[in-house]
Amino acid sequence: MRREPPQRPADYGPLLFPAGMLTLFFVVPFATMIAVSFFQREQGGFYTPAFVFDNYARFLSLFFGRVLAFSLFLAVAVAVACVVIGVPFTYLLSRSKRNIQIVWLVALLSILSLSEVMIGFAWSTLFSRTAGLTNLFVWLGLMEQAQALTPSFGAVMTAMTYQALPYTVLVLYPALVRLDPTLTEAARTLGASPIRAFFTVVVPALRNTILATLIMVFIFALGCYLLPQLLGRPQHWTLSVLITDQAIYQSNMPFAAAMAVFLVLVSLALVGLALYTGRQKEAK
Amino acid sequence: MSGLNLNHVTKQFGTFTAVNDVSLSVPDGTFVCLLGPSGCGKTTLMRMIAGLDLPTGGSIELGGADITAVPTHKRDLGMVFQSLALFPHLTVGENIAYSLRIRGIAKDAQKARVEELLAMIHLPGFADRSVNKLSGGQRQRVAIARALAISPKLFLLDEPLSALDAKLREAMQVELRQLQQRLGITTIVVTHDQREAMTMADTVVVMNKGEIRQAAPPVDIYRRPADSFVADFIGQTNLIPVEADSTGRALVLGRIVEGLALPAGALKGMLSVRPEDVQVTAPGNGTISGTVTFVRDLGGAIETFIEAAGQQVIAVSSPRNRPEVSVGQQVGIRLDPATSVVLAK
Amino acid sequence: MIALRRLFLTAVGLFLALPLIVVAGVSVNQRQSLAFPPQGFSLSWYGQIFTNPEWRNALIASLTLAAFSALLALAIALPLAWFLWRRIAPWANIFQLLGIAPFTLPPVITALGLLTFWATTGFYGQSWTAVISHGIFFVTLPLVTLSLGFSAIDRSLVEAAATMGADDKTVFRTVVLPLILPYLVSGYAFAFVLSLNEYIVAYMTVGFTMETLPIKIFNALRYGYTPTMASVTVLFLGVAAIVFGLVARFGDLPKLLGAMSEDR
């Protein structure tokens, strides 16, 4: 069967439902959100149609600047941590036996699908005074007394890395599986040790993939909204948390919408960059 | 007029012309091979006959009716694809019964027909097997049986044997030809393998660059090629320039070859001589003189490479009358006008 | 070298497993206290999920939402993926982009967009809005698996069916659908499991009128600890592992995740 352009109007039939649903329930809500971001906020959680930039002007405050800077910093830190662990891990995974790969993949998918609430709960337990890691350290004689490790930046960072690592691995997996194994074998015959071969052949060959993955994980981490609330202090709140907070608890929809629009712009720019670096890879 | 008729069929993909003004008449019950190098338009031509591609010009008639615009599923065809296209989710029997099931034929009639076809392809009792567990040759046979299930008016095969190894391919060629003769079905095969075409076809259609260069029985294609492309594409040949001298006699490699004539009025042409028709003799005596540059002994045949007037000529002889020559030796070449074909340049 | 490799894999495995081990441990505590290693052994907190009406309702809400929204996601993705495979219509790719966007952008964006939309249209808080919201949010998953599935179908199979007398509809029913079925199932499975676990979109659309399990856990966390949270987490992890395990058992998981197929 050759793919052919639709001949009759009826040929467009299958597109009707998907296009309608996506337009009505994704494009329209999106547009609504953009519209609301320009609305005027009223007292008591209401807002009226208007075209004001007040909500965007609030970005210019010091508080917002700090939140934004922290969000970006946290997302970068998580992305780097995930890629540093994820690349060698995925490389080893892709060279394992098929059955072992499948077991790991099932485990990774299960953790990836685990609710952020549950991950937050799991880590808060692990970092708690009564049931946490520190009990283990006390038992080993490394610590005098068990203590809570939350709320802290380290806790937020660890849990977010935990959440994003399966995602990182699954993003990297296709590229690493397809990497020609004779590349490293060639490096080995030329005298490189396995570790040297990994850093001199695998990593450079995947430079663009790694870059694109960094960006994808960065966006993933930007979307994290519960872990900073559950495991951090208010100064560890990210843009996503702030948006939720403004929308639900402060009932300031226009401001939340404006922040969301801003987040979209940042994300889209980064997705574009990721696609661009991805394409560079193909061009090579 | 019955049979299959192609009238000035043309297919363009954008600016590229895949098939250019092809006309061909296939009488009922004949076996036709479309032969040519890859990209010559033979597959596109077959896809248009099947209705999988629509011609951009011309018309196709089958059994006297114009089928140019009839969709594939209403043409009552049987087609074997290059990839065989066996449905992986169906068993052997279900694959063969597919076209019967589509037509709403009763279950037991389907079953009987499947058994009949399985017997025909020498795979009785295979109905419940998975097609993924068959060997290459078995898959081949199942694809053929599936295509023949409804006793189609037209049997089309697109490079059907290309996936098989050489030995099996040759056996299947013979089998396919015998099957076609037994059923008397009009059959068209696309192939790039000239041996395959020569083995099976009543008519070989040689195509190049979207056009038919010659359509004739295999022996004629070999013995009487229409042009230098056909001569060169079918088998091995020596293509030697030929000129007419002032009296109209043919001058080949500096010698007059008696009995050979150029078409009236032509001053230059190309001579096609099959290697087995080149006689190597002692030098002189009116022969073309040349030097042996290489001798290849293939066991079943001996090829002698001779350079004459800057042109390479290859002669093939059987081991029984092996020419006693060695590299560097001066020899004479004799061409028989009866087996040499003068082609327009 | 092999030892180093083992060490690294074990370390990553431990990092991934540790929180889950602790959660599994506290889920079997005898008393309602957060303690590890567990004091005593009791499965009563697992029983709670089904006997306590609040947890049971949340479980039912989650399962219903996941079942219907995954179905909706599939209903949107199947015709779209089929059309994109069957036809040349470059502008239709925009819908593929729209299908992938919700999952690629930070989820809070989709959540807020839907919140403003449902609030504006006056349907805010109705439970069916959550089904549509999740259906749209997770349409990416079946769309990706189905696109993969379609690209794996040899187009000559469709042509072969046509030469044997099957029209477009019959081809779809007898050839395309059976071949795409594994991808259909895995697309549903992915959407189902993720919908089960999703928090923010559900919270923003129906958070005040309906409690799914993740919402229930989050709400409960604010008032303190109960071991039922732990048992629910373990239960959900088990469900995910079983579902993905089944996908791996009956499908080609590495291929589904972008690796080339082992056979052929």
# chains A, B, ... in the order shown; residues from 1 in each chain; ligands from 1

call {"tool": "residues_around", "arguments": {"residues": "range 73-76 of chain A", "least_positions_apart": "6", "cutoff": "7 Å", "atoms": "only C-alpha atoms", "output": "ChimeraX atom specification"}}
result
/A:218,221-222

call {"tool": "interface_residues", "arguments": {"of": "chain C", "to": "chain A", "cutoff": "7 Å", "atoms": "only C-alpha atoms", "output": "PyMOL selection string"}}
result
chain C and resi 9+16+19-20+22-23+34-37+76-77+79-80+83+86-89+95+98+105-109+113-114+116-117+136+155-156+158-159+193-194+197-199+214+218+233+237+240-241+244-245+248+253-254+257-259

call {"tool": "write_last_selection", "arguments": {"atoms": "C-alpha atoms", "output": "compact mmCIF listing (two decimals), in the first residue's frame"}}
result
# COMPACT_ATOMS: atom_id res chain seq x y z
CA LEU C 9 24.56 -1.60 38.65
CA LEU C 16 16.04 2.76 43.20
CA PRO C 19 12.75 3.84 49.39
CA LEU C 20 10.46 1.08 48.20
CA VAL C 22 11.39 0.96 53.51
CA VAL C 23 7.84 1.69 52.38
CA LEU C 34 6.14 5.00 61.23
CA ALA C 35 8.87 2.55 62.16
CA PHE C 36 11.52 0.66 60.29
CA PRO C 37 12.49 -2.12 60.65
CA ILE C 76 -8.30 9.40 20.14
CA ALA C 77 -4.94 7.85 19.31
CA PRO C 79 -7.79 6.77 14.28
CA LEU C 80 -5.13 9.47 14.38
CA PHE C 83 -4.70 8.17 9.40
CA ARG C 86 -2.38 5.54 5.74
CA ARG C 87 -2.38 9.02 4.22
CA ILE C 88 0.03 11.67 3.10
CA ALA C 89 -1.26 14.81 4.75
CA PHE C 95 -2.40 16.76 15.55
CA LEU C 98 -0.78 18.21 19.82
CA LEU C 105 5.34 20.01 28.72
CA PRO C 106 5.43 20.31 32.51
CA PRO C 107 2.15 18.71 33.66
CA VAL C 108 1.14 21.74 35.70
CA ILE C 109 0.57 23.56 32.41
CA GLY C 113 -5.20 24.94 31.18
CA LEU C 114 -7.89 22.35 31.90
CA THR C 116 -9.35 27.37 33.58
CA PHE C 117 -11.28 25.64 30.80
CA ILE C 136 -6.12 14.10 26.68
CA ARG C 155 2.59 -2.31 3.71
CA SER C 156 2.64 -5.13 1.18
CA VAL C 158 -2.30 -4.46 2.96
CA GLU C 159 -1.70 -4.58 -0.78
CA VAL C 193 -1.04 2.75 34.93
CA LEU C 194 -0.03 6.38 34.57
CA ASN C 197 -0.82 7.38 39.61
CA GLU C 198 -1.47 10.84 38.26
CA TYR C 199 -1.93 13.59 40.81
CA PRO C 214 -2.87 9.86 44.96
CA PHE C 218 -1.55 13.72 49.63
CA THR C 233 2.11 2.61 47.39
CA LEU C 237 3.91 -0.54 42.48
CA ALA C 240 2.52 -1.39 37.60
CA ALA C 241 5.08 -4.20 37.75
CA PHE C 244 4.47 -3.91 32.49
CA GLY C 245 5.57 -7.47 33.14
CA ALA C 248 6.96 -7.57 28.32
CA LEU C 253 9.19 -4.38 25.45
CA PRO C 254 12.66 -3.34 24.24
CA LEU C 257 10.80 1.42 24.09
CA GLY C 258 12.66 2.22 20.90
CA ALA C 259 15.17 -0.58 20.50

call {"tool": "residues_around", "arguments": {"residues": "Lys11 in chain B", "least_positions_apart": "5", "cutoff": "8 Å", "atoms": "only C-alpha atoms", "output": "PyMOL selection string"}}
result
chain B and resi 17-20+44+54-57

call {"tool": "interface_residues", "arguments": {"of": "chain C", "to": "chain B", "cutoff": "12 Å", "atoms": "only C-alpha atoms", "output": "PDB file with N, CA and C atoms, in the first residue's frame"}}
result
ATOM      1  N   ILE C 153       4.151  -2.518  10.470  1.00  0.00           N
ATOM      2  CA  ILE C 153       3.348  -3.323   9.537  1.00  0.00           C
ATOM      3  C   ILE C 153       3.919  -3.188   8.128  1.00  0.00           C
ATOM      4  N   ASP C 154       4.191  -4.323   7.522  1.00  0.00           N
ATOM      5  CA  ASP C 154       4.668  -4.349   6.145  1.00  0.00           C
ATOM      6  C   ASP C 154       3.502  -3.927   5.234  1.00  0.00           C
ATOM      7  N   ARG C 155       3.694  -2.831   4.516  1.00  0.00           N
ATOM      8  CA  ARG C 155       2.585  -2.307   3.711  1.00  0.00           C
ATOM      9  C   ARG C 155       2.155  -3.284   2.617  1.00  0.00           C
ATOM     10  N   SER C 156       3.038  -4.186   2.227  1.00  0.00           N
ATOM     11  CA  SER C 156       2.641  -5.129   1.177  1.00  0.00           C
ATOM     12  C   SER C 156       1.576  -6.099   1.689  1.00  0.00           C
ATOM     13  N   LEU C 157       1.443  -6.232   3.022  1.00  0.00           N
ATOM     14  CA  LEU C 157       0.363  -7.067   3.560  1.00  0.00           C
ATOM     15  C   LEU C 157      -0.985  -6.467   3.196  1.00  0.00           C
ATOM     16  N   VAL C 158      -1.063  -5.150   3.290  1.00  0.00           N
ATOM     17  CA  VAL C 158      -2.304  -4.464   2.955  1.00  0.00           C
ATOM     18  C   VAL C 158      -2.586  -4.594   1.456  1.00  0.00           C
ATOM     19  N   GLU C 159      -1.532  -4.437   0.670  1.00  0.00           N
ATOM     20  CA  GLU C 159      -1.696  -4.580  -0.782  1.00  0.00           C
ATOM     21  C   GLU C 159      -2.122  -5.993  -1.130  1.00  0.00           C
ATOM     22  N   ALA C 160      -1.514  -6.962  -0.467  1.00  0.00           N
ATOM     23  CA  ALA C 160      -1.867  -8.357  -0.737  1.00  0.00           C
ATOM     24  C   ALA C 160      -3.350  -8.587  -0.448  1.00  0.00           C
ATOM     25  N   ALA C 161      -3.812  -8.048   0.680  1.00  0.00           N
ATOM     26  CA  ALA C 161      -5.226  -8.206   1.018  1.00  0.00           C
ATOM     27  C   ALA C 161      -6.109  -7.570  -0.053  1.00  0.00           C
ATOM     28  N   ALA C 162      -5.672  -6.420  -0.578  1.00  0.00           N
ATOM     29  CA  ALA C 162      -6.461  -5.743  -1.619  1.00  0.00           C
ATOM     30  C   ALA C 162      -6.510  -6.588  -2.890  1.00  0.00           C
ATOM     31  N   THR C 163      -5.398  -7.193  -3.281  1.00  0.00           N
ATOM     32  CA  THR C 163      -5.419  -8.017  -4.496  1.00  0.00           C
ATOM     33  C   THR C 163      -6.319  -9.229  -4.306  1.00  0.00           C
ATOM     34  N   MET C 164      -6.530  -9.615  -3.051  1.00  0.00           N
ATOM     35  CA  MET C 164      -7.381 -10.783  -2.811  1.00  0.00           C
ATOM     36  C   MET C 164      -8.831 -10.387  -2.610  1.00  0.00           C
ATOM     37  N   GLY C 165      -9.142  -9.111  -2.823  1.00  0.00           N
ATOM     38  CA  GLY C 165     -10.536  -8.717  -2.842  1.00  0.00           C
ATOM     39  C   GLY C 165     -11.026  -7.978  -1.614  1.00  0.00           C
ATOM     40  N   ALA C 166     -10.128  -7.564  -0.718  1.00  0.00           N
ATOM     41  CA  ALA C 166     -10.582  -6.870   0.481  1.00  0.00           C
ATOM     42  C   ALA C 166     -10.598  -5.362   0.243  1.00  0.00           C
ATOM     43  N   ASP C 167     -11.715  -4.696   0.589  1.00  0.00           N
ATOM     44  CA  ASP C 167     -11.740  -3.242   0.489  1.00  0.00           C
ATOM     45  C   ASP C 167     -11.109  -2.648   1.757  1.00  0.00           C
ATOM     46  N   ASP C 168     -11.047  -1.314   1.791  1.00  0.00           N
ATOM     47  CA  ASP C 168     -10.339  -0.627   2.880  1.00  0.00           C
ATOM     48  C   ASP C 168     -10.808  -1.058   4.271  1.00  0.00           C
ATOM     49  N   LYS C 169     -12.126  -1.133   4.435  1.00  0.00           N
ATOM     50  CA  LYS C 169     -12.666  -1.481   5.746  1.00  0.00           C
ATOM     51  C   LYS C 169     -12.312  -2.904   6.129  1.00  0.00           C
ATOM     52  N   THR C 170     -12.446  -3.813   5.143  1.00  0.00           N
ATOM     53  CA  THR C 170     -12.142  -5.219   5.410  1.00  0.00           C
ATOM     54  C   THR C 170     -10.659  -5.385   5.735  1.00  0.00           C
ATOM     55  N   VAL C 171      -9.817  -4.663   5.012  1.00  0.00           N
ATOM     56  CA  VAL C 171      -8.377  -4.726   5.285  1.00  0.00           C
ATOM     57  C   VAL C 171      -8.118  -4.312   6.720  1.00  0.00           C
ATOM     58  N   ARG C 173     -10.121  -4.419   9.282  1.00  0.00           N
ATOM     59  CA  ARG C 173     -10.667  -5.386  10.229  1.00  0.00           C
ATOM     60  C   ARG C 173      -9.870  -6.691  10.247  1.00  0.00           C
ATOM     61  N   THR C 174      -9.466  -7.165   9.060  1.00  0.00           N
ATOM     62  CA  THR C 174      -8.878  -8.510   9.006  1.00  0.00           C
ATOM     63  C   THR C 174      -7.356  -8.518   9.046  1.00  0.00           C
ATOM     64  N   VAL C 175      -6.732  -7.412   8.714  1.00  0.00           N
ATOM     65  CA  VAL C 175      -5.270  -7.416   8.683  1.00  0.00           C
ATOM     66  C   VAL C 175      -4.669  -6.408   9.665  1.00  0.00           C
ATOM     67  N   VAL C 176      -5.070  -5.139   9.527  1.00  0.00           N
ATOM     68  CA  VAL C 176      -4.435  -4.093  10.332  1.00  0.00           C
ATOM     69  C   VAL C 176      -4.722  -4.274  11.820  1.00  0.00           C
ATOM     70  N   LEU C 177      -6.000  -4.450  12.157  1.00  0.00           N
ATOM     71  CA  LEU C 177      -6.375  -4.532  13.565  1.00  0.00           C
ATOM     72  C   LEU C 177      -5.695  -5.693  14.302  1.00  0.00           C
ATOM     73  N   PRO C 178      -5.719  -6.918  13.739  1.00  0.00           N
ATOM     74  CA  PRO C 178      -5.029  -8.008  14.445  1.00  0.00           C
ATOM     75  C   PRO C 178      -3.536  -7.740  14.636  1.00  0.00           C
ATOM     76  N   LEU C 179      -2.914  -7.069  13.657  1.00  0.00           N
ATOM     77  CA  LEU C 179      -1.480  -6.830  13.763  1.00  0.00           C
ATOM     78  C   LEU C 179      -1.159  -5.719  14.763  1.00  0.00           C
ATOM     79  N   ILE C 180      -2.108  -4.786  14.922  1.00  0.00           N
ATOM     80  CA  ILE C 180      -1.844  -3.640  15.781  1.00  0.00           C
ATOM     81  C   ILE C 180      -2.247  -3.930  17.222  1.00  0.00           C
ATOM     82  N   LEU C 181      -2.955  -5.045  17.423  1.00  0.00           N
ATOM     83  CA  LEU C 181      -3.531  -5.353  18.733  1.00  0.00           C
ATOM     84  C   LEU C 181      -2.527  -5.296  19.896  1.00  0.00           C
ATOM     85  N   PRO C 182      -1.332  -5.905  19.762  1.00  0.00           N
ATOM     86  CA  PRO C 182      -0.396  -5.829  20.889  1.00  0.00           C
ATOM     87  C   PRO C 182      -0.051  -4.386  21.261  1.00  0.00           C
ATOM     88  N   ASP C 263      14.342 -10.244  16.666  1.00  0.00           N
ATOM     89  CA  ASP C 263      14.220 -11.131  15.512  1.00  0.00           C
ATOM     90  C   ASP C 263      14.007 -10.318  14.238  1.00  0.00           C
ATOM     91  N   ARG C 264      14.356 -10.861  13.141  1.00  0.00           N
ATOM     92  CA  ARG C 264      14.240 -10.250  11.813  1.00  0.00           C
ATOM     93  C   ARG C 264      15.149  -9.076  11.601  1.00  0.00           C
TER      94      ARG C 264
END

call {"tool": "select_by_dssp", "arguments": {"residues": "range 41-231 of chain A", "states": "helix (DSSP H, G or I)", "output": "PyMOL selection string"}}
result
chain A and resi 43-45+54-60+62-94+98-113+116-126+133-139+153-178+181-189+194-205+207-222+227-231

call {"tool": "atom_distance", "arguments": {"atom1": "CA of Gly290 in chain B", "atom2": "CA of Ala226 in chain B"}}
result
28.3 Å
